[in-house]
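Asks: Got a structure for you, entry.txt, holding compact mmCIF, C-alpha atoms and all ligand atoms.
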```txt
# COMPACT_ATOMS: atom_id res chain seq x y z
CA MET A 7 1.99 14.23 34.21
CA LYS A 8 -1.39 13.28 32.86
CA THR A 9 -3.25 16.01 31.03
CA ARG A 10 -6.84 16.15 30.06
CA CYS A 11 -8.99 18.02 27.68
CA THR A 12 -12.69 18.21 27.37
CA VAL A 13 -13.91 18.35 23.86
CA LEU A 14 -16.72 20.66 22.92
CA ALA A 15 -18.63 20.32 19.70
CA LEU A 16 -16.87 22.15 16.87
CA ALA A 17 -14.04 23.23 19.11
CA LEU A 18 -12.24 19.98 19.22
CA TYR A 19 -8.66 21.15 19.25
CA SER A 20 -9.01 24.21 21.35
CA CYS A 21 -8.16 22.59 24.62
CA ILE A 22 -5.40 20.07 24.21
CA THR A 23 -2.91 20.79 26.95
CA ALA A 24 0.75 20.79 26.16
CA VAL A 25 2.61 18.10 28.02
CA ALA A 26 6.15 17.79 29.11
CA GLN A 27 7.53 14.84 27.21
CA THR A 28 11.20 14.45 26.57
CA SER A 29 11.99 15.28 22.97
CA SER A 30 13.78 11.99 22.35
CA ALA A 31 10.95 9.72 23.55
CA PRO A 32 8.08 9.25 21.15
CA ARG A 33 5.02 11.21 22.23
CA LEU A 34 2.19 9.29 23.86
CA THR A 35 -1.40 10.17 23.06
CA VAL A 36 -4.63 8.59 24.20
CA ILE A 37 -7.89 9.14 22.32
CA ARG A 38 -11.14 8.36 24.07
CA ALA A 39 -13.61 7.45 21.32
CA GLY A 40 -17.32 7.51 22.16
CA THR A 41 -18.10 5.56 19.00
CA LEU A 42 -15.48 3.89 16.85
CA ILE A 43 -16.29 2.80 13.31
CA ASP A 44 -14.11 -0.09 12.20
CA PRO A 45 -14.55 -0.43 8.41
CA ARG A 46 -13.63 -4.13 8.66
CA GLY A 47 -16.83 -4.87 10.58
CA ASP A 48 -20.43 -3.71 10.47
CA ALA A 49 -21.18 -2.72 14.07
CA PRO A 50 -19.47 0.29 15.60
CA LYS A 51 -17.80 -0.13 18.99
CA ARG A 52 -18.58 2.09 21.99
CA ASN A 53 -16.25 3.74 24.48
CA GLN A 54 -12.95 2.70 23.00
CA VAL A 55 -9.48 3.83 24.00
CA ILE A 56 -6.78 4.32 21.34
CA LEU A 57 -3.19 4.48 22.56
CA ILE A 58 -0.76 6.16 20.16
CA ARG A 59 3.01 6.07 20.47
CA GLY A 60 4.74 8.47 18.08
CA GLU A 61 3.17 8.17 14.65
CA ARG A 62 1.58 4.75 15.12
CA ILE A 63 -1.25 3.16 17.05
CA GLU A 64 -0.07 0.88 19.82
CA ALA A 65 -3.32 -0.46 21.27
CA VAL A 66 -7.09 -0.23 20.81
CA GLY A 67 -9.71 -1.54 23.22
CA ASP A 68 -12.03 -0.66 26.06
CA ALA A 69 -10.84 1.23 29.14
CA ALA A 70 -10.31 -1.99 31.06
CA THR A 71 -7.83 -3.38 28.55
CA VAL A 72 -6.04 -0.22 27.36
CA LYS A 73 -4.64 1.92 30.18
CA SER A 74 -3.59 5.53 29.75
CA PRO A 75 0.13 5.70 30.49
CA GLU A 76 1.73 8.37 32.65
CA GLY A 77 2.59 11.47 30.62
CA ALA A 78 0.15 10.81 27.81
CA THR A 79 -1.87 13.59 26.19
CA ILE A 80 -5.54 12.74 26.49
CA ILE A 81 -7.87 13.71 23.65
CA ASP A 82 -11.47 13.32 24.66
CA LEU A 83 -13.69 12.39 21.72
CA SER A 84 -16.18 10.57 23.91
CA ASN A 85 -19.07 12.53 22.37
CA ALA A 86 -17.92 11.96 18.82
CA THR A 87 -17.73 9.25 16.16
CA VAL A 88 -14.15 8.29 15.39
CA LEU A 89 -13.02 6.74 12.09
CA PRO A 90 -9.77 6.01 10.29
CA GLY A 91 -8.40 8.91 8.22
CA MET A 92 -9.95 8.72 4.77
CA ILE A 93 -8.26 8.02 1.44
CA GLU A 94 -9.01 10.00 -1.74
CA SER A 95 -7.88 7.91 -4.71
CA HIS A 96 -8.16 10.48 -7.51
CA THR A 97 -7.03 14.06 -6.94
CA HIS A 98 -5.17 16.77 -8.86
CA LEU A 99 -3.19 18.95 -6.46
CA PHE A 100 -2.00 21.09 -9.39
CA LEU A 101 -5.45 21.90 -10.78
CA GLN A 102 -7.85 24.43 -9.29
CA GLY A 103 -11.04 23.79 -11.31
CA GLU A 104 -9.85 26.35 -13.78
CA ASP A 105 -12.40 29.04 -14.59
CA PRO A 106 -12.70 29.42 -18.39
CA THR A 107 -13.22 33.17 -17.96
CA LYS A 108 -9.82 33.39 -16.23
CA GLY A 109 -7.88 31.52 -18.91
CA GLY A 110 -9.09 27.99 -18.17
CA TYR A 111 -6.67 25.07 -18.43
CA ASP A 112 -4.32 26.61 -20.99
CA ILE A 113 -3.19 29.64 -19.01
CA GLN A 114 -1.66 27.44 -16.33
CA LEU A 115 0.76 25.88 -18.78
CA LEU A 116 1.34 28.97 -20.89
CA LYS A 117 1.65 31.77 -18.37
CA PHE A 118 1.77 30.58 -14.75
CA TYR A 119 5.20 30.33 -13.15
CA PRO A 120 5.97 26.89 -11.66
CA ALA A 121 6.35 28.39 -8.17
CA TYR A 122 2.87 29.92 -8.40
CA ARG A 123 1.39 26.55 -9.34
CA ALA A 124 3.34 24.86 -6.55
CA ALA A 125 2.16 27.44 -4.02
CA ARG A 126 -1.45 26.78 -4.99
CA ALA A 127 -0.83 23.02 -4.77
CA THR A 128 0.25 23.45 -1.14
CA VAL A 129 -3.21 24.87 -0.43
CA SER A 130 -4.83 21.90 -2.21
CA ALA A 131 -2.82 19.55 0.02
CA ARG A 132 -3.99 21.37 3.14
CA ARG A 133 -7.59 21.31 1.92
CA ALA A 134 -7.47 17.52 1.55
CA LEU A 135 -6.08 17.07 5.04
CA GLU A 136 -8.45 19.46 6.80
CA GLN A 137 -11.42 17.58 5.29
CA GLY A 138 -10.18 14.33 6.83
CA PHE A 139 -8.39 12.83 3.83
CA THR A 140 -5.10 11.74 5.34
CA THR A 141 -3.97 9.92 2.19
CA ILE A 142 -4.42 10.82 -1.48
CA ARG A 143 -3.44 9.25 -4.79
CA ASP A 144 -2.71 12.27 -6.95
CA MET A 145 -3.44 11.56 -10.60
CA GLU A 146 -0.80 13.66 -12.42
CA THR A 147 0.38 17.23 -12.34
CA GLU A 148 -1.12 18.60 -15.61
CA GLY A 149 2.03 20.09 -17.03
CA ALA A 150 3.70 20.81 -13.68
CA GLY A 151 6.29 18.07 -14.26
CA TYR A 152 7.48 16.37 -11.10
CA GLY A 153 5.94 19.00 -8.82
CA ASP A 154 3.94 16.37 -6.93
CA VAL A 155 7.15 14.67 -5.81
CA GLY A 156 8.25 18.02 -4.35
CA ILE A 157 4.95 18.63 -2.58
CA LYS A 158 5.04 15.11 -1.15
CA ARG A 159 8.56 15.66 0.18
CA ALA A 160 7.59 18.99 1.78
CA VAL A 161 4.64 17.27 3.51
CA ASP A 162 6.69 14.27 4.64
CA GLU A 163 9.38 16.53 6.09
CA GLY A 164 6.80 18.62 7.92
CA TYR A 165 7.24 21.91 6.08
CA ILE A 166 3.61 22.09 4.99
CA PRO A 167 0.46 20.33 6.22
CA GLY A 168 -0.90 17.71 3.87
CA PRO A 169 -1.92 14.10 3.44
CA ARG A 170 0.25 11.12 2.59
CA ILE A 171 0.68 11.44 -1.16
CA PHE A 172 0.97 8.74 -3.79
CA THR A 173 2.36 10.49 -6.87
CA THR A 174 1.93 9.79 -10.58
CA THR A 175 4.07 12.71 -11.84
CA ARG A 176 3.51 13.65 -15.52
CA GLY A 177 0.89 11.22 -16.87
CA ILE A 178 1.18 9.60 -20.31
CA SER A 179 -0.87 9.91 -23.51
CA THR A 180 -0.30 9.90 -27.28
CA THR A 181 -0.07 12.51 -30.02
CA GLY A 182 -3.58 13.94 -30.37
CA GLY A 183 -4.40 12.60 -26.93
CA TYR A 184 -4.13 15.56 -24.54
CA PRO A 185 -4.26 19.38 -24.24
CA LEU A 186 -2.94 21.91 -24.97
CA GLU A 187 -4.68 21.68 -28.32
CA GLY A 188 -6.40 23.86 -30.88
CA TYR A 189 -3.29 25.89 -31.75
CA ALA A 190 -1.98 26.32 -35.29
CA PRO A 191 0.21 23.39 -36.45
CA GLY A 192 3.39 25.44 -36.45
CA VAL A 193 2.98 26.69 -32.91
CA GLU A 194 4.72 24.58 -30.29
CA VAL A 195 2.77 24.45 -27.03
CA PRO A 196 3.40 22.47 -23.85
CA LYS A 197 1.26 19.41 -23.09
CA GLY A 198 -0.42 18.46 -19.84
CA VAL A 199 1.18 15.00 -20.02
CA GLN A 200 4.21 13.24 -21.46
CA ILE A 201 3.35 12.32 -25.07
CA VAL A 202 4.52 8.93 -26.37
CA ASP A 203 4.09 7.12 -29.68
CA GLY A 204 5.16 3.49 -29.94
CA PRO A 205 6.07 0.92 -27.28
CA VAL A 206 9.69 2.09 -27.07
CA GLU A 207 8.75 5.67 -26.17
CA ALA A 208 6.03 4.38 -23.84
CA ARG A 209 8.47 2.22 -21.89
CA LYS A 210 11.03 5.03 -21.77
CA ALA A 211 8.45 7.46 -20.35
CA ALA A 212 7.51 4.96 -17.64
CA ARG A 213 11.20 4.46 -16.78
CA GLU A 214 11.78 8.21 -16.56
CA GLN A 215 8.75 8.82 -14.40
CA LEU A 216 9.58 5.95 -12.04
CA ASP A 217 13.18 7.17 -11.88
CA TYR A 218 12.06 10.66 -10.82
CA GLY A 219 9.73 9.43 -8.09
CA ALA A 220 6.38 8.28 -9.51
CA ASP A 221 4.59 5.94 -7.10
CA TRP A 222 2.03 5.03 -9.78
CA ILE A 223 1.96 5.53 -13.54
CA LYS A 224 -1.09 7.34 -14.92
CA VAL A 225 -2.08 6.63 -18.53
CA TYR A 226 -4.86 8.26 -20.55
CA MET A 227 -6.46 5.47 -22.60
CA THR A 228 -9.24 7.69 -23.96
CA HIS A 229 -9.34 11.41 -24.72
CA ARG A 230 -12.12 13.23 -26.58
CA SER A 231 -15.70 12.09 -26.07
CA TRP A 232 -18.99 12.82 -27.86
CA THR A 233 -22.38 11.22 -28.44
CA ASP A 234 -23.29 9.19 -31.53
CA LYS A 235 -26.59 9.57 -33.39
CA ASN A 236 -28.28 7.31 -30.84
CA GLY A 237 -27.12 9.53 -27.98
CA LYS A 238 -24.57 6.97 -26.76
CA LEU A 239 -21.21 8.07 -25.42
CA VAL A 240 -18.24 7.50 -27.73
CA SER A 241 -14.63 8.15 -26.76
CA GLN A 242 -11.42 8.43 -28.73
CA PRO A 243 -8.87 5.70 -27.91
CA THR A 244 -5.24 6.75 -27.43
CA LEU A 245 -2.52 4.20 -26.64
CA THR A 246 -2.48 0.81 -28.37
CA VAL A 247 -2.49 -2.39 -26.31
CA GLU A 248 1.21 -2.86 -27.18
CA GLU A 249 2.08 0.64 -25.94
CA LEU A 250 0.19 0.11 -22.69
CA LYS A 251 1.68 -3.36 -22.21
CA ALA A 252 5.18 -1.85 -22.38
CA ILE A 253 4.27 0.63 -19.62
CA VAL A 254 2.54 -1.97 -17.44
CA ASP A 255 5.42 -4.42 -17.84
CA GLU A 256 7.92 -1.74 -16.84
CA ALA A 257 5.88 -0.44 -13.88
CA HIS A 258 5.12 -3.91 -12.55
CA GLY A 259 8.78 -4.82 -12.86
CA TRP A 260 9.60 -1.91 -10.53
CA GLY A 261 6.83 -3.04 -8.15
CA HIS A 262 4.50 -0.17 -9.09
CA LYS A 263 0.99 -0.02 -10.51
CA VAL A 264 -0.73 1.63 -13.47
CA ALA A 265 -3.92 3.70 -13.35
CA CYS A 266 -5.81 4.12 -16.61
CA HIS A 267 -8.13 7.00 -17.40
CA ALA A 268 -10.75 5.26 -19.61
CA TYR A 269 -14.29 6.33 -20.45
CA SER A 270 -15.75 3.67 -22.71
CA GLY A 271 -15.46 1.43 -25.77
CA GLU A 272 -12.21 0.65 -27.53
CA GLY A 273 -9.93 2.60 -25.17
CA LEU A 274 -11.52 1.01 -22.10
CA HIS A 275 -11.02 -2.48 -23.56
CA ARG A 276 -7.44 -1.73 -24.54
CA ALA A 277 -6.82 -0.58 -20.94
CA LEU A 278 -8.06 -3.93 -19.63
CA ASP A 279 -6.29 -6.00 -22.31
CA GLY A 280 -3.09 -4.10 -21.54
CA GLY A 281 -3.30 -5.09 -17.86
CA CYS A 282 -4.05 -1.81 -16.10
CA ASP A 283 -4.49 -2.00 -12.32
CA SER A 284 -7.21 0.63 -11.92
CA ILE A 285 -9.83 2.09 -14.25
CA GLU A 286 -10.38 5.80 -13.61
CA HIS A 287 -13.85 7.22 -14.36
CA GLY A 288 -15.14 4.22 -16.42
CA LEU A 289 -18.16 6.20 -17.52
CA ALA A 290 -19.68 3.48 -19.68
CA LEU A 291 -18.70 0.05 -18.41
CA ASP A 292 -20.21 -2.55 -20.74
CA ASP A 293 -20.86 -6.10 -19.54
CA ALA A 294 -17.68 -7.48 -21.11
CA ALA A 295 -15.59 -4.79 -19.37
CA ILE A 296 -17.21 -5.55 -16.03
CA ALA A 297 -16.59 -9.29 -16.45
CA GLN A 298 -12.95 -8.62 -17.34
CA MET A 299 -12.48 -6.25 -14.39
CA LYS A 300 -13.91 -8.91 -12.11
CA ARG A 301 -11.63 -11.58 -13.57
CA GLN A 302 -8.50 -9.39 -13.40
CA ALA A 303 -9.40 -7.88 -9.98
CA THR A 304 -9.16 -4.39 -11.49
CA TRP A 305 -9.87 -1.45 -9.18
CA TYR A 306 -12.64 0.96 -10.19
CA CYS A 307 -12.40 4.63 -9.21
CA PRO A 308 -15.58 6.19 -10.65
CA THR A 309 -15.09 9.89 -9.67
CA MET A 310 -18.77 10.81 -10.07
CA THR A 311 -18.52 14.33 -8.62
CA VAL A 312 -16.53 15.97 -11.39
CA TYR A 313 -19.14 14.96 -14.00
CA TYR A 314 -21.94 16.54 -12.02
CA THR A 315 -20.26 19.93 -12.04
CA ASP A 316 -20.14 22.54 -14.80
CA ASN A 317 -22.29 20.74 -17.41
CA ALA A 318 -22.78 22.69 -20.66
CA PRO A 319 -26.33 23.90 -21.57
CA PRO A 320 -28.61 20.94 -22.48
CA ASP A 321 -29.35 22.03 -26.06
CA THR A 322 -25.68 22.11 -27.16
CA PRO A 323 -23.61 19.11 -28.40
CA GLU A 324 -21.40 19.49 -25.31
CA GLY A 325 -24.45 19.63 -23.05
CA LYS A 326 -25.88 16.46 -24.61
CA ARG A 327 -22.55 14.76 -24.15
CA ASP A 328 -22.30 15.90 -20.52
CA ARG A 329 -25.77 14.52 -19.75
CA ALA A 330 -25.03 11.23 -21.54
CA ARG A 331 -21.91 10.94 -19.41
CA VAL A 332 -23.80 11.35 -16.15
CA ALA A 333 -26.61 8.96 -17.16
CA GLU A 334 -24.27 6.19 -18.35
CA HIS A 335 -21.92 6.74 -15.42
CA GLU A 336 -24.70 6.21 -12.89
CA GLN A 337 -25.63 2.92 -14.61
CA SER A 338 -21.97 1.87 -14.62
CA LEU A 339 -21.61 2.41 -10.89
CA LYS A 340 -24.79 0.45 -10.21
CA LYS A 341 -23.60 -2.44 -12.39
CA ALA A 342 -20.18 -2.33 -10.73
CA MET A 343 -21.77 -2.56 -7.28
CA GLN A 344 -23.92 -5.48 -8.41
CA ALA A 345 -20.87 -7.29 -9.78
CA GLU A 346 -19.00 -6.47 -6.54
CA LEU A 347 -16.11 -4.81 -8.32
CA LYS A 348 -13.45 -3.30 -6.08
CA ILE A 349 -14.66 0.31 -5.91
CA VAL A 350 -12.52 3.07 -4.43
CA PHE A 351 -13.57 6.59 -3.48
CA GLY A 352 -12.25 9.40 -5.69
CA THR A 353 -13.63 12.70 -6.96
CA ASP A 354 -11.15 14.20 -9.47
CA VAL A 355 -10.99 17.26 -7.19
CA GLY A 356 -8.86 19.87 -8.90
CA GLY A 357 -11.04 19.19 -11.95
CA PHE A 358 -13.47 21.19 -9.81
CA PRO A 359 -12.26 23.76 -7.27
CA TRP A 360 -10.62 22.62 -4.04
CA THR A 361 -12.95 25.00 -2.21
CA GLU A 362 -15.81 22.54 -2.88
CA PRO A 363 -16.33 19.63 -0.48
CA ILE A 364 -14.63 16.36 -1.40
CA ALA A 365 -17.12 14.35 0.67
CA GLN A 366 -19.99 15.14 -1.72
CA GLU A 367 -18.98 11.97 -3.58
CA PHE A 368 -20.26 9.93 -0.62
CA GLY A 369 -23.73 11.42 -1.10
CA ILE A 370 -23.77 10.45 -4.79
CA MET A 371 -22.58 6.90 -4.05
CA ASN A 372 -25.24 6.57 -1.36
CA LYS A 373 -27.97 7.95 -3.63
CA LEU A 374 -27.05 5.33 -6.25
CA GLY A 375 -27.43 2.51 -3.74
CA MET A 376 -24.15 2.16 -1.86
CA SER A 377 -24.65 1.71 1.89
CA PRO A 378 -22.83 4.12 4.21
CA ILE A 379 -20.49 1.40 5.53
CA GLU A 380 -19.61 0.34 1.97
CA ALA A 381 -18.97 3.99 1.08
CA ILE A 382 -16.68 4.27 4.13
CA ARG A 383 -14.87 1.09 3.05
CA SER A 384 -14.33 2.62 -0.41
CA ALA A 385 -12.38 5.42 1.29
CA THR A 386 -10.51 3.30 3.87
CA ILE A 387 -9.74 -0.43 3.72
CA ARG A 388 -10.25 -0.86 -0.04
CA PRO A 389 -7.84 1.83 -1.26
CA ALA A 390 -5.42 0.77 1.50
CA GLU A 391 -5.30 -2.60 -0.26
CA MET A 392 -5.00 -0.97 -3.69
CA LEU A 393 -2.06 1.09 -2.40
CA ASP A 394 -0.44 -1.97 -0.76
CA MET A 395 -0.87 -0.32 2.65
CA GLN A 396 -3.21 -2.87 4.27
CA GLY A 397 -3.03 -2.65 8.04
CA GLU A 398 -1.12 0.66 7.87
CA ILE A 399 -3.78 3.11 6.71
CA GLY A 400 -7.59 2.99 6.54
CA VAL A 401 -7.85 1.12 9.85
CA ILE A 402 -7.51 1.87 13.54
CA VAL A 403 -5.53 -1.15 14.69
CA PRO A 404 -2.22 -1.70 16.50
CA GLY A 405 0.69 -1.05 14.14
CA ALA A 406 -1.25 1.26 11.81
CA TYR A 407 -0.35 4.91 11.34
CA ALA A 408 -2.34 7.09 13.73
CA ASP A 409 -4.46 8.61 10.95
CA ILE A 410 -7.69 9.29 12.78
CA ILE A 411 -10.67 11.59 12.20
CA ALA A 412 -13.88 12.38 14.05
CA VAL A 413 -17.34 13.71 13.29
CA GLN A 414 -20.05 14.82 15.66
CA GLY A 415 -22.96 12.71 14.34
CA ASP A 416 -23.41 9.19 12.99
CA PRO A 417 -22.20 8.73 9.38
CA LEU A 418 -23.81 5.27 9.27
CA ARG A 419 -27.18 7.06 9.49
CA ASP A 420 -26.27 10.18 7.53
CA ILE A 421 -23.29 9.81 5.20
CA GLY A 422 -23.29 13.63 4.92
CA GLU A 423 -21.58 13.66 8.34
CA LEU A 424 -18.33 12.81 6.54
CA GLY A 425 -18.49 16.29 5.06
CA ARG A 426 -18.33 17.73 8.58
CA VAL A 427 -15.05 16.30 9.86
CA ASN A 428 -13.94 18.31 12.89
CA PHE A 429 -10.93 16.42 14.17
CA VAL A 430 -7.99 15.28 12.03
CA MET A 431 -4.89 13.46 13.20
CA LYS A 432 -2.24 12.25 10.78
CA GLY A 433 0.70 10.19 11.99
CA GLY A 434 -0.09 11.09 15.59
CA ILE A 435 -0.11 14.86 14.93
CA VAL A 436 -3.37 16.76 15.31
CA TYR A 437 -3.98 19.00 12.31
CA GLY A 438 -4.64 22.61 13.25
CA ARG A 439 -3.09 22.23 16.67
CA GLU A 440 0.60 21.64 16.07
CA SER A 441 2.62 23.74 13.68
CA PRO A 442 3.57 21.77 10.59
CA THR A 443 7.09 23.10 10.90
CA SER A 444 7.45 21.72 14.41
CA THR A 445 8.62 18.44 12.90
CA ALA A 446 10.72 20.02 10.15
CA HIS A 447 14.48 19.64 10.20
ZN ZN A 501 -8.33 13.14 -13.14
```
Please go through the file and, once you have read it, give me the structure as C-alpha cells.
Replies:
Amino acid sequence: MKTRCTVLALALYSCITAVAQTSSAPRLTVIRAGTLIDPRGDAPKRNQVILIRGERIEAVGDAATVKSPEGATIIDLSNATVLPGMIESHTHLFLQGEDPTKGGYDIQLLKFYPAYRAARATVSARRALEQGFTTIRDMETEGAGYGDVGIKRAVDEGYIPGPRIFTTTRGISTTGGYPLEGYAPGVEVPKGVQIVDGPVEARKAAREQLDYGADWIKVYMTHRSWTDKNGKLVSQPTLTVEELKAIVDEAHGWGHKVACHAYSGEGLHRALDGGCDSIEHGLALDDAAIAQMKRQATWYCPTMTVYYTDNAPPDTPEGKRDRARVAEHEQSLKKAMQAELKIVFGTDVGGFPWTEPIAQEFGIMNKLGMSPIEAIRSATIRPAEMLDMQGEIGVIVPGAYADIIAVQGDPLRDIGELGRVNFVMKGGIVYGRESPTSTAH
C-alpha cells in the first residue's frame, strides 16, 4: 500500500499516514524534497527523491531515477528546503546556563541529586534534536561523572529522544584549574572535572575515561582569564606539554581524539605543542597559533554564542574582560577563515540555557563574513570528518544515516532559516511523530 501525505507549512508531521509494513522488514520511506542542499556542492538541487530503508538512505535522485517502492511511507517536503541533519560540536547536556541567583554552577555539584541532573539532561538532548541537530559532541558533564554515557545509551536504545552523542565524560584539568573554587582550604568540595597533576596521573585519567566510555577526551588547557594593563586578554595555563602529551598519546593509541579548551597565550600554545586535535573557543588566536593549526590540521570550534551572552557591566574588571573576549574572538574567527582553518559549528549551549536557540551561532558566523554555505558545511560535512563519520552523517547520500531536516525558506539567502527547522528525521525516524519508546527493547 502506498500512502501519501501533503505537507502544510509548520504542520509537517501532522499527516503522515501509518502504513502496514511487516515488523521484521526494514521500513521504507520516501521523502520528496522541493529543494535539496548538498553541503558538498554549491548549487542546490530541485525536486529530489530520497529513498530510505530502515535507518539509512538507499538512493537519492530525481523522480525518473528513484522510484517509490510499494509500501513506502511518502513524506512530501516538495515545498520545503531539505538538508542533512546538523552537527553541534560543543554542547553541555548537563549544564542549564545556571542562573547565579539560583545557586549558579556550584549548587549543581553541591546539592543536586544525580538523577535530577540526568533528568534535566534528557530535556537538553531533546532540545538539540528538535532544533535539527541530529548529532552532538558533548564537551564534558561538569561534575556529573559518566552521565553522558548513560544519556547516550538511553537515546541509542530509543528510551528518550535525542541526537547521536559523542561523549567526553568527566573532562581533565589540573589543581587550581577548575571550579568548584573559592572555598576555605580545609573544605573538600567536588570538582567539575577530573583533576590531574603530572603525566602519570594525566595518562591514568585518560585511560579511566576511555575505559568507561569516553568517545573523545576533553582537556582544559587554560582556566582563569583577565585583561592586562593594555586591555589584552590573558589566560592562566593549566596542563604542561608533557601532561597533555601523555593524554594525547593514550587517546590516539585507543583510536580516539582530544579536544582542548584553550583561550590564548601559553595554554593555547601548549595545547598545540601537545598535539590536540581540536581547539575549543580559541578566543585570541595569534599568528603563530594559526600557522601551527594549519600545519597540524587542527580543528577550530569557536563557540561565539556563549561569549555574547551574560556579559558583566562594562565598567567592572569582569565586564572589561568580557568585552575584550568578544572583540579578540571576532578577530580570531576572521583570521581563521582567511587562513582556511577547519572550522566546526559549536555554541557551548548549556553554558547558556537550552531554551535559547542553538542556531544563533550561524547568524554570528555570517555577520563576521562566513557565507551561508560555508556555515552549513561547518555544521555538516566538516564535523562529520572531525568525528570520523564522513559519508555517514552530514550528507544526504546513499549509505548515510537518514538524518534529514527541513526548513520552509532558503537558508542560502537567509541563514536565520536554520533557526526555524520544522522537520527532523534521525535514523529514518521522524521526531515528534513516532514515540521514542517504539524502538525500545
Ligand atoms: Zn564548553
Asks: With a distance cut-off of 8 Å and only C-alpha atoms, select the neighbouring residues of Asn85 (chain A), excluding the residue or stretch itself and same-chain residues fewer than 6 positions from it, and output the selection as number ranges by chain.
Replies: A: 13, 39-41, 414
Asks: Just give me the gap between CA of Arg327 (chain A) and CA of Thr233 (chain A) in Å, one decimal is fine.
Replies: 5.6 Å
Asks: For a test of reading the model, state the distance in Å between CA of Val240 (chain A) and CA of Ile178 (chain A), rounded to one decimal.
Replies: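 Pair CA of Val240 (chain A) / CA of Ile178 (chain A) returns 20.9 Å.
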Asks: Can you tell me which residues surround Gly375 (chain A) at a distance of at most 12 Å, considering only C-alpha atoms, apart from same-chain residues fewer than 3 positions away, and format the answer as a list in words?
Replies: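 Final neighbour list, sorted by chain and number: Glu336, Gln337, Leu339, Lys340, Lys341, Ala342, Met343, Gln344, Phe368, Gly369, Ile370, Met371, Asn372, Pro378, Ile379, Glu380 and Ala381 of chain A.
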Asks: What gap, in Å, lies between CA of Ile399 (chain A) and CA of Thr140 (chain A)?
Replies: 8.8 Å
Asks: Near Val206 (chain A), within 12 Å and counting all atoms listed in the file, which residues show up once chain neighbours fewer than 2 positions away are dropped, as a ChimeraX atom specification?
Replies: /A:202-204,208-213,248-253,256
Asks: Which one is closest to ligand ZN 501 (chain A): A:Lys235, A:Arg46, A:His267, A:Lys51? Count only C-alpha atoms and all ligand atoms.
Replies: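 Checking each candidate against ligand ZN 501 (chain A), we get A:His267 as the closest.
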Asks: What's around region 272-275 of chain A at 6 Å? Count all atoms listed in the file, leave out sequence neighbours fewer than 3 positions away in its own chain, and write the answer as a list in words.
Replies: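 The residues satisfying every condition are Met227, Thr228, Pro243, Ala268 and Leu278 of chain A.
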